[in-house]
file entry_15.csv (CSV, C-alpha atoms and all ligand atoms)
chain,number,residue,atom,x,y,z
A,272,MET,CA,95.1,82.2,97.6
A,273,SER,CA,97.8,79.9,99.1
A,274,GLN,CA,96.8,77.2,101.6
A,275,LEU,CA,98.5,79.1,104.3
A,276,GLN,CA,96.5,82.3,103.6
A,277,GLN,CA,93.3,80.4,103.7
A,278,HIS,CA,93.8,79.8,107.4
A,279,ILE,CA,94.6,83.4,108.4
A,280,THR,CA,91.6,85.1,109.9
A,281,PRO,CA,91.3,88.6,108.4
A,282,ARG,CA,92.0,91.2,111.1
A,283,GLY,CA,91.2,94.9,111.0
A,284,ARG,CA,91.3,97.7,113.4
A,285,PHE,CA,90.2,101.2,114.3
A,286,ALA,CA,93.0,103.4,115.7
A,287,PRO,CA,91.7,106.7,116.8
A,288,SER,CA,93.8,109.4,118.3
A,289,PRO,CA,91.9,110.4,121.5
A,290,SER,CA,92.7,114.1,121.1
A,291,GLY,CA,89.0,115.0,121.1
A,292,TYR,CA,85.5,113.6,121.0
A,293,MET,CA,84.6,111.3,118.2
A,294,HIS,CA,83.0,113.1,115.2
A,295,LEU,CA,81.1,112.2,112.1
A,296,GLY,CA,84.3,111.6,110.1
A,297,ASN,CA,85.6,109.1,112.7
A,298,ALA,CA,82.2,107.4,112.8
A,299,PHE,CA,82.3,107.0,109.0
A,300,SER,CA,85.8,105.5,109.2
A,301,VAL,CA,85.0,103.0,112.0
A,302,LEU,CA,81.8,102.0,110.2
A,303,LEU,CA,83.7,101.1,107.0
A,304,SER,CA,86.6,99.4,108.7
A,305,TRP,CA,84.2,97.3,110.9
A,306,LEU,CA,81.9,96.4,108.0
A,307,SER,CA,84.9,95.5,105.8
A,308,ILE,CA,86.3,93.0,108.3
A,309,ARG,CA,83.0,91.7,109.7
A,310,SER,CA,81.7,91.0,106.2
A,311,ALA,CA,84.9,88.8,105.8
A,312,ASN,CA,84.2,87.0,109.1
A,313,GLY,CA,87.3,88.7,110.5
A,314,GLU,CA,88.4,90.1,113.8
A,315,PHE,CA,88.3,93.7,114.7
A,316,LEU,CA,90.6,95.5,117.1
A,317,LEU,CA,90.5,98.8,118.9
A,318,ARG,CA,93.7,100.8,119.5
A,319,PHE,CA,94.2,104.3,121.0
A,320,GLU,CA,97.0,106.2,119.4
A,321,ASP,CA,97.6,108.5,122.3
A,322,LEU,CA,101.3,109.2,122.0
A,323,ASP,CA,100.7,113.0,121.7
A,324,ASP,CA,99.8,114.7,125.0
A,325,ARG,CA,98.9,111.5,126.6
A,326,CYS,CA,97.8,112.9,130.0
A,327,LEU,CA,94.6,114.5,128.7
A,328,LYS,CA,93.2,111.6,127.0
A,329,SER,CA,91.4,109.3,129.3
A,330,GLU,CA,88.1,111.3,129.1
A,331,TYR,CA,88.2,111.2,125.3
A,332,ARG,CA,89.1,107.5,125.3
A,333,GLU,CA,86.0,106.8,127.5
A,334,SER,CA,83.8,108.9,125.3
A,335,ILE,CA,85.0,107.1,122.2
A,336,ILE,CA,84.3,103.7,123.7
A,337,GLU,CA,80.9,104.9,124.8
A,338,ASP,CA,80.1,106.2,121.2
A,339,LEU,CA,81.3,102.9,119.7
A,340,HIS,CA,79.0,100.9,122.0
A,341,TRP,CA,76.1,103.2,121.2
A,342,MET,CA,76.7,102.7,117.4
A,343,GLY,CA,76.7,99.0,117.9
A,344,ILE,CA,80.4,98.6,116.9
A,345,ASP,CA,82.1,95.8,118.8
A,346,TRP,CA,85.7,94.6,118.9
A,347,ASP,CA,87.7,91.6,119.9
A,348,GLY,CA,90.2,91.3,122.7
A,349,GLU,CA,91.9,94.0,124.8
A,350,VAL,CA,92.0,97.6,123.8
A,351,LEU,CA,95.6,98.6,122.9
A,352,VAL,CA,96.9,101.9,124.3
A,353,GLN,CA,100.0,103.2,122.6
A,354,SER,CA,101.3,105.1,125.6
A,355,THR,CA,101.8,101.8,127.5
A,356,ARG,CA,103.9,100.3,124.7
A,357,SER,CA,107.1,102.2,124.5
A,358,ASP,CA,109.2,99.1,125.0
A,359,VAL,CA,107.8,97.6,121.8
A,360,TYR,CA,108.7,100.7,119.8
A,361,GLU,CA,112.1,100.9,121.4
A,362,ALA,CA,112.9,97.3,120.4
A,363,ALA,CA,111.7,98.0,116.9
A,364,LEU,CA,113.9,101.1,116.6
A,365,LYS,CA,116.9,99.0,117.7
A,366,ARG,CA,116.1,96.5,115.0
A,367,ILE,CA,115.6,99.1,112.3
A,368,SER,CA,118.9,100.8,113.3
A,369,ARG,CA,120.8,97.6,112.6
A,370,CYS,CA,119.8,97.5,109.0
A,371,ALA,CA,119.2,101.2,108.1
A,372,ASN,CA,120.6,104.6,109.0
A,373,VAL,CA,118.8,106.1,111.9
A,374,TYR,CA,120.5,109.4,112.9
A,375,PRO,CA,120.0,112.3,115.3
A,376,CYS,CA,118.6,115.5,113.9
A,377,PHE,CA,119.0,118.7,115.8
A,378,CYS,CA,116.9,120.9,113.4
A,379,THR,CA,114.3,123.0,115.1
A,380,ARG,CA,110.8,123.5,113.5
A,381,ALA,CA,112.0,126.9,112.3
A,382,ASP,CA,115.1,125.4,110.7
A,383,LEU,CA,112.9,122.9,108.9
A,384,HIS,CA,110.7,125.6,107.4
A,385,ALA,CA,113.6,127.9,106.7
A,386,ALA,CA,115.3,125.2,104.6
A,387,SER,CA,112.7,126.1,102.0
A,388,ALA,CA,112.5,122.5,100.9
A,389,PRO,CA,109.6,121.4,98.7
A,390,HIS,CA,106.6,120.2,100.7
A,391,ALA,CA,105.2,116.7,100.7
A,392,SER,CA,101.6,116.1,99.7
A,393,ASP,CA,100.6,116.2,103.4
A,394,GLY,CA,102.0,119.7,103.7
A,395,THR,CA,105.1,118.9,105.8
A,396,PRO,CA,108.4,120.1,104.4
A,397,ILE,CA,110.5,117.4,102.8
A,398,TYR,CA,113.6,117.1,105.0
A,399,ALA,CA,116.6,118.6,103.3
A,400,GLY,CA,119.0,116.2,104.9
A,401,THR,CA,120.8,118.8,107.0
A,402,CYS,CA,121.9,116.5,109.8
A,403,TYR,CA,122.4,113.4,107.7
A,404,GLY,CA,126.0,112.3,107.7
A,405,MET,CA,126.9,114.5,110.8
A,406,SER,CA,130.0,113.1,112.6
A,407,LYS,CA,129.6,111.5,116.0
A,408,ILE,CA,131.8,114.3,117.5
A,409,ASP,CA,129.6,117.1,116.0
A,410,ALA,CA,126.5,115.2,117.1
A,411,SER,CA,127.6,115.0,120.7
A,412,GLU,CA,128.5,118.7,120.7
A,413,HIS,CA,125.0,119.6,119.4
A,414,ALA,CA,123.5,117.2,122.0
A,415,LYS,CA,124.8,119.4,124.8
A,416,ALA,CA,122.4,122.1,123.7
A,417,ARG,CA,119.4,120.2,122.4
A,418,ASN,CA,117.9,116.7,122.5
A,419,PRO,CA,117.8,115.4,118.9
A,420,SER,CA,114.9,113.7,117.2
A,421,LEU,CA,115.8,110.5,115.4
A,422,ARG,CA,115.3,110.3,111.6
A,423,LEU,CA,115.3,107.3,109.4
A,424,HIS,CA,117.3,107.8,106.2
A,425,VAL,CA,115.2,106.7,103.2
A,426,PRO,CA,116.6,105.4,99.9
A,427,ASP,CA,116.0,106.9,96.4
A,428,THR,CA,113.4,104.3,95.6
A,429,TYR,CA,109.8,104.1,94.4
A,430,ILE,CA,107.3,102.4,96.7
A,431,SER,CA,104.2,101.3,94.8
A,432,PHE,CA,101.2,99.5,95.9
A,433,CYS,CA,97.6,99.0,94.8
A,434,ASP,CA,95.2,100.3,97.4
A,435,ALA,CA,92.2,98.0,97.5
A,436,HIS,CA,89.8,100.9,97.1
A,437,MET,CA,91.8,103.9,95.7
A,438,GLY,CA,93.8,101.9,93.2
A,439,PRO,CA,97.5,102.2,92.3
A,440,TYR,CA,99.7,104.6,94.3
A,441,GLU,CA,103.4,105.3,94.0
A,442,GLN,CA,105.8,107.5,95.9
A,443,ASN,CA,109.5,108.2,95.7
A,444,LEU,CA,110.6,108.0,99.3
A,445,LYS,CA,113.6,110.4,98.9
A,446,TYR,CA,112.0,113.1,96.7
A,447,GLU,CA,108.4,113.0,97.9
A,448,CYS,CA,108.9,112.2,101.5
A,449,GLY,CA,112.5,112.5,102.7
A,450,ASP,CA,114.2,111.2,105.8
A,451,PHE,CA,111.4,111.0,108.4
A,452,VAL,CA,111.2,111.2,112.2
A,453,VAL,CA,110.8,108.0,114.1
A,454,ARG,CA,111.3,109.4,117.5
A,455,ARG,CA,110.7,113.0,118.5
A,456,SER,CA,113.1,115.2,120.4
A,457,ASP,CA,110.9,114.8,123.5
A,458,GLY,CA,111.4,111.0,123.3
A,459,VAL,CA,107.9,110.3,122.0
A,460,PHE,CA,107.8,107.7,119.2
A,461,ALA,CA,106.4,109.0,115.9
A,462,TYR,CA,103.0,107.9,114.6
A,463,GLN,CA,104.6,106.1,111.6
A,464,LEU,CA,106.7,103.8,113.7
A,465,ALA,CA,104.2,103.1,116.5
A,466,CYS,CA,101.4,102.4,114.1
A,467,VAL,CA,103.4,99.9,112.1
A,468,CYS,CA,104.8,98.2,115.2
A,469,ASP,CA,101.3,97.8,116.6
A,470,ASP,CA,99.7,96.6,113.4
A,471,ILE,CA,102.5,94.0,113.1
A,472,ALA,CA,102.2,92.9,116.8
A,473,SER,CA,98.4,92.6,116.5
A,474,GLY,CA,98.5,90.6,113.2
A,475,VAL,CA,96.5,93.2,111.4
A,476,THR,CA,95.9,92.1,107.8
A,477,GLN,CA,93.7,94.9,106.5
A,478,ILE,CA,94.0,98.6,107.2
A,479,VAL,CA,91.0,100.8,106.5
A,480,ARG,CA,91.4,104.5,107.1
A,481,GLY,CA,90.9,107.9,105.6
A,482,SER,CA,92.6,108.9,102.3
A,483,ASP,CA,94.4,111.6,104.2
A,484,LEU,CA,96.8,108.8,105.3
A,485,LEU,CA,97.4,107.5,101.8
A,486,SER,CA,100.7,109.4,101.6
A,487,SER,CA,101.9,107.9,104.9
A,488,THR,CA,101.5,104.4,103.5
A,489,PRO,CA,104.8,104.2,101.5
A,490,ARG,CA,106.8,105.2,104.7
A,491,GLN,CA,104.9,102.6,106.6
A,492,MET,CA,105.6,100.0,103.9
A,493,TYR,CA,109.3,100.8,104.1
A,494,LEU,CA,109.1,100.2,107.9
A,495,TYR,CA,107.4,96.8,107.3
A,496,GLU,CA,110.3,95.9,105.0
A,497,LEU,CA,112.9,96.9,107.6
A,498,LEU,CA,111.1,95.0,110.3
A,499,GLY,CA,110.8,91.9,108.1
A,500,ALA,CA,107.0,91.8,108.3
A,501,GLU,CA,104.4,91.2,105.6
A,502,VAL,CA,102.6,94.4,104.4
A,503,PRO,CA,98.8,94.3,105.1
A,504,GLU,CA,96.1,95.2,102.6
A,505,TYR,CA,95.4,98.9,102.5
A,506,CYS,CA,92.0,100.3,101.8
A,507,HIS,CA,91.7,104.0,102.0
A,508,HIS,CA,88.3,105.5,102.1
A,509,PRO,CA,87.2,109.0,100.9
A,510,LEU,CA,86.9,111.7,103.5
A,511,LEU,CA,83.8,113.5,104.6
A,512,ILE,CA,84.0,117.2,104.0
A,513,ALA,CA,82.1,120.2,105.1
A,514,PRO,CA,80.0,122.2,102.5
A,515,ASP,CA,82.8,124.8,102.5
A,516,GLY,CA,85.2,122.1,101.1
A,517,ARG,CA,87.2,121.7,104.3
A,518,ARG,CA,87.8,118.3,106.0
A,519,LEU,CA,85.6,117.5,108.9
A,520,SER,CA,87.6,117.8,112.0
A,521,LYS,CA,87.4,118.5,115.7
A,522,ARG,CA,86.6,122.1,114.7
A,523,ASN,CA,83.1,121.1,113.6
A,524,ALA,CA,82.0,120.5,117.2
A,525,ASP,CA,78.3,120.2,116.2
A,526,LEU,CA,79.2,117.1,114.3
A,527,GLU,CA,80.6,115.4,117.4
A,528,ILE,CA,78.7,112.1,118.0
A,529,GLN,CA,78.0,113.1,121.6
A,530,ARG,CA,76.2,116.2,120.4
A,531,ILE,CA,74.3,114.4,117.7
A,532,ARG,CA,73.2,111.9,120.4
A,533,ASN,CA,72.2,114.6,122.7
A,534,ARG,CA,70.0,116.2,120.0
A,535,GLY,CA,67.9,113.1,120.1
A,536,THR,CA,69.3,111.3,117.0
A,537,SER,CA,69.1,107.5,117.4
A,538,ALA,CA,72.1,105.3,116.6
A,539,GLU,CA,70.1,103.7,113.7
A,540,GLU,CA,69.4,107.1,112.2
A,541,LEU,CA,73.1,108.1,112.4
A,542,ILE,CA,74.2,104.7,110.9
A,543,GLY,CA,71.5,105.2,108.1
A,544,VAL,CA,73.0,108.6,107.2
A,545,LEU,CA,76.6,107.2,107.2
A,546,ALA,CA,75.6,104.2,105.2
A,547,HIS,CA,74.0,106.4,102.6
A,548,TYR,CA,77.2,108.5,102.3
A,549,ALA,CA,79.1,105.2,101.9
A,550,GLY,CA,76.8,104.2,99.0
A,551,LEU,CA,75.5,101.2,101.0
A,552,LEU,CA,71.9,102.5,101.2
A,553,GLU,CA,70.1,104.2,98.3
A,554,GLN,CA,68.2,106.4,100.8
A,555,THR,CA,68.8,107.4,104.3
A,556,GLN,CA,66.8,105.2,106.6
A,557,PRO,CA,67.4,103.9,110.1
A,558,VAL,CA,69.4,100.8,110.2
A,559,LYS,CA,71.6,98.8,112.6
A,560,VAL,CA,75.3,98.2,111.8
A,561,SER,CA,74.7,94.4,111.9
A,562,GLU,CA,72.1,94.7,109.1
A,563,LEU,CA,74.7,96.2,106.8
A,564,ILE,CA,77.1,93.4,107.0
A,565,GLU,CA,75.5,91.1,104.4
A,566,GLY,CA,75.2,93.7,101.6
A,567,PHE,CA,78.6,95.4,102.2
A,568,SER,CA,80.9,95.8,99.3
A,569,TRP,CA,83.7,98.2,98.6
A,570,GLU,CA,82.4,98.5,95.0
A,571,LYS,CA,79.5,100.6,96.4
A,572,VAL,CA,81.7,103.0,98.3
A,573,PRO,CA,82.6,106.2,96.4
A,574,ARG,CA,86.2,107.2,95.8
A,575,HIS,CA,85.6,111.0,95.8
A,576,GLU,CA,85.2,113.2,98.8
A,577,ILE,CA,81.7,113.2,100.3
A,578,VAL,CA,80.0,116.5,101.2
A,579,VAL,CA,78.2,116.3,104.5
A,580,GLN,CA,74.9,118.1,104.7
A,581,TRP,CA,74.2,117.4,108.3
A,582,THR,CA,72.1,119.9,110.3
B,601,LIG,N1,95.3,107.7,114.6
B,601,LIG,C1,95.1,108.0,113.3
B,601,LIG,C2,93.9,109.0,113.2
B,601,LIG,O1,93.1,109.1,114.2
B,601,LIG,C3,94.7,106.9,112.4
B,601,LIG,C4,95.9,106.1,112.1
B,601,LIG,C5,95.7,104.9,111.2
B,601,LIG,O2,94.5,104.4,111.0
B,601,LIG,O3,96.7,104.4,110.7
B,601,LIG,O4,93.8,109.7,112.2

call {"tool": "encode", "arguments": {"input": "entry_15.csv", "output": "structure tokens", "more": "lines below"}}
Ligand code: GLU
result
Amino acid sequence: MSQLQQHITPRGRFAPSPSGYMHLGNAFSVLLSWLSIRSANGEFLLRFEDLDDRCLKSEYRESIIEDLHWMGIDWDGEVLVQSTRSDVYEAALKRISRCANVYPCFCTRADLHAASAPHASDGTPIYAGTCYGMSKIDASEHAKARNPSLRLHVPDTYISFCDAHMGPYEQNLKYECGDFVVRRSDGVFAYQLACVCDDIASGVTQIVRGSDLLSSTPRQMYLYELLGAEVPEYCHHPLLIAPDGRRLSKRNADLEIQRIRNRGTSAEELIGVLAHYAGLLEQTQPVKVSELIEGFSWEKVPRHEIVVQWT
């Protein structure tokens, strides 16, 4: 470790999308990100990624905050809300456009699927490059009929990194991802760009999140490069899955933290179950989050998906 690095306080974050109530999977994620950073004496930030359908979200934001307080999870500083930060994303987009090709794309969702391109590992079609290289004249003609999204052209290059928990990961940006949207046709900035801008602006040094976002990481690393910022440490954790093999999601309403609380479960009981899933407790037993800091180690956390048997 260099002398400079020794003085940097580790900083992590939890960045939920307030599109619903917090569920067991979110609680597992925040527990791991909080423990990882608190066990390194670092700072922990909270950010709401509310760029989608922003008007509905204040109720969900409040309930997430309430659930975090109930779990005993604390954070440092102001809560960041993405829907208030368009200027930051706009400035970043300008900067990126100076050193890379950001171009308007007029393809509809139907066009994208019809292009029968191969699909990326997250299920989205890899962009076939239909609008890449379109002349300015053609683009202004198309713009009369439809607002374009903006895509970032990616090079034919491999991005590799070593995830601190999942190990080595590599992706060819062109063939496994394709040119990706940085601003949607309705003007909303895309998750990939907003997330990177905020992590840079907040000085986040460690990103802990679910392994479903592993395949987004090379795109985000490319954005770090274009924005001239240092890439943080990535640490992707395994997902909790339902006994039917599906990911826990907002569909599993009975696993919402609010409902679990309303059924009379204490915070310590819930943390005990999550800590057991995370390999931090041999048996499920009530525990406070603060009691898990000392014994926390990523070595104990499984790398495979964890089947939830919650009733
Ligand atoms: N907002 C994303 C989610 O709720 C998390 C993004 C991230 O941690 O980078 O799944």

call {"tool": "atom_distance", "arguments": {"input": "entry_15.csv", "atom1": "atom CA of A:Arg422", "atom2": "atom CA of A:Tyr374"}}
result
5.4 Å

call {"tool": "residues_near_ligand", "arguments": {"input": "entry_15.csv", "ligand": "ligand LIG 601 (chain B)", "cutoff": "6 Å", "atoms": "all atoms listed in the file", "output": "list in words"}}
result
Ala286, Pro287, Ser288, Glu320 and Arg480 of chain A

call {"tool": "axis_aligned_box", "arguments": {"input": "entry_15.csv", "around": "stretch 454-458 of chain A", "padding_each_side": "6 Å", "output": "AutoDock Vina command-line options"}}
result
--center_x 111.9 --center_y 112.3 --center_z 120.5 --size_x 14.4 --size_y 17.8 --size_z 18.0

call {"tool": "closest_residue", "arguments": {"input": "entry_15.csv", "among": "A:Leu498, A:Pro503, A:Ile344, A:Thr428", "to": "A:Arg282", "atoms": "all atoms listed in the file"}}
result
A:Pro503

call {"tool": "closest_residue", "arguments": {"input": "entry_15.csv", "among": "A:Val467, A:Leu423, A:Val475, A:Val453", "to": "A:Glu314", "atoms": "all atoms listed in the file"}}
result
A:Val475
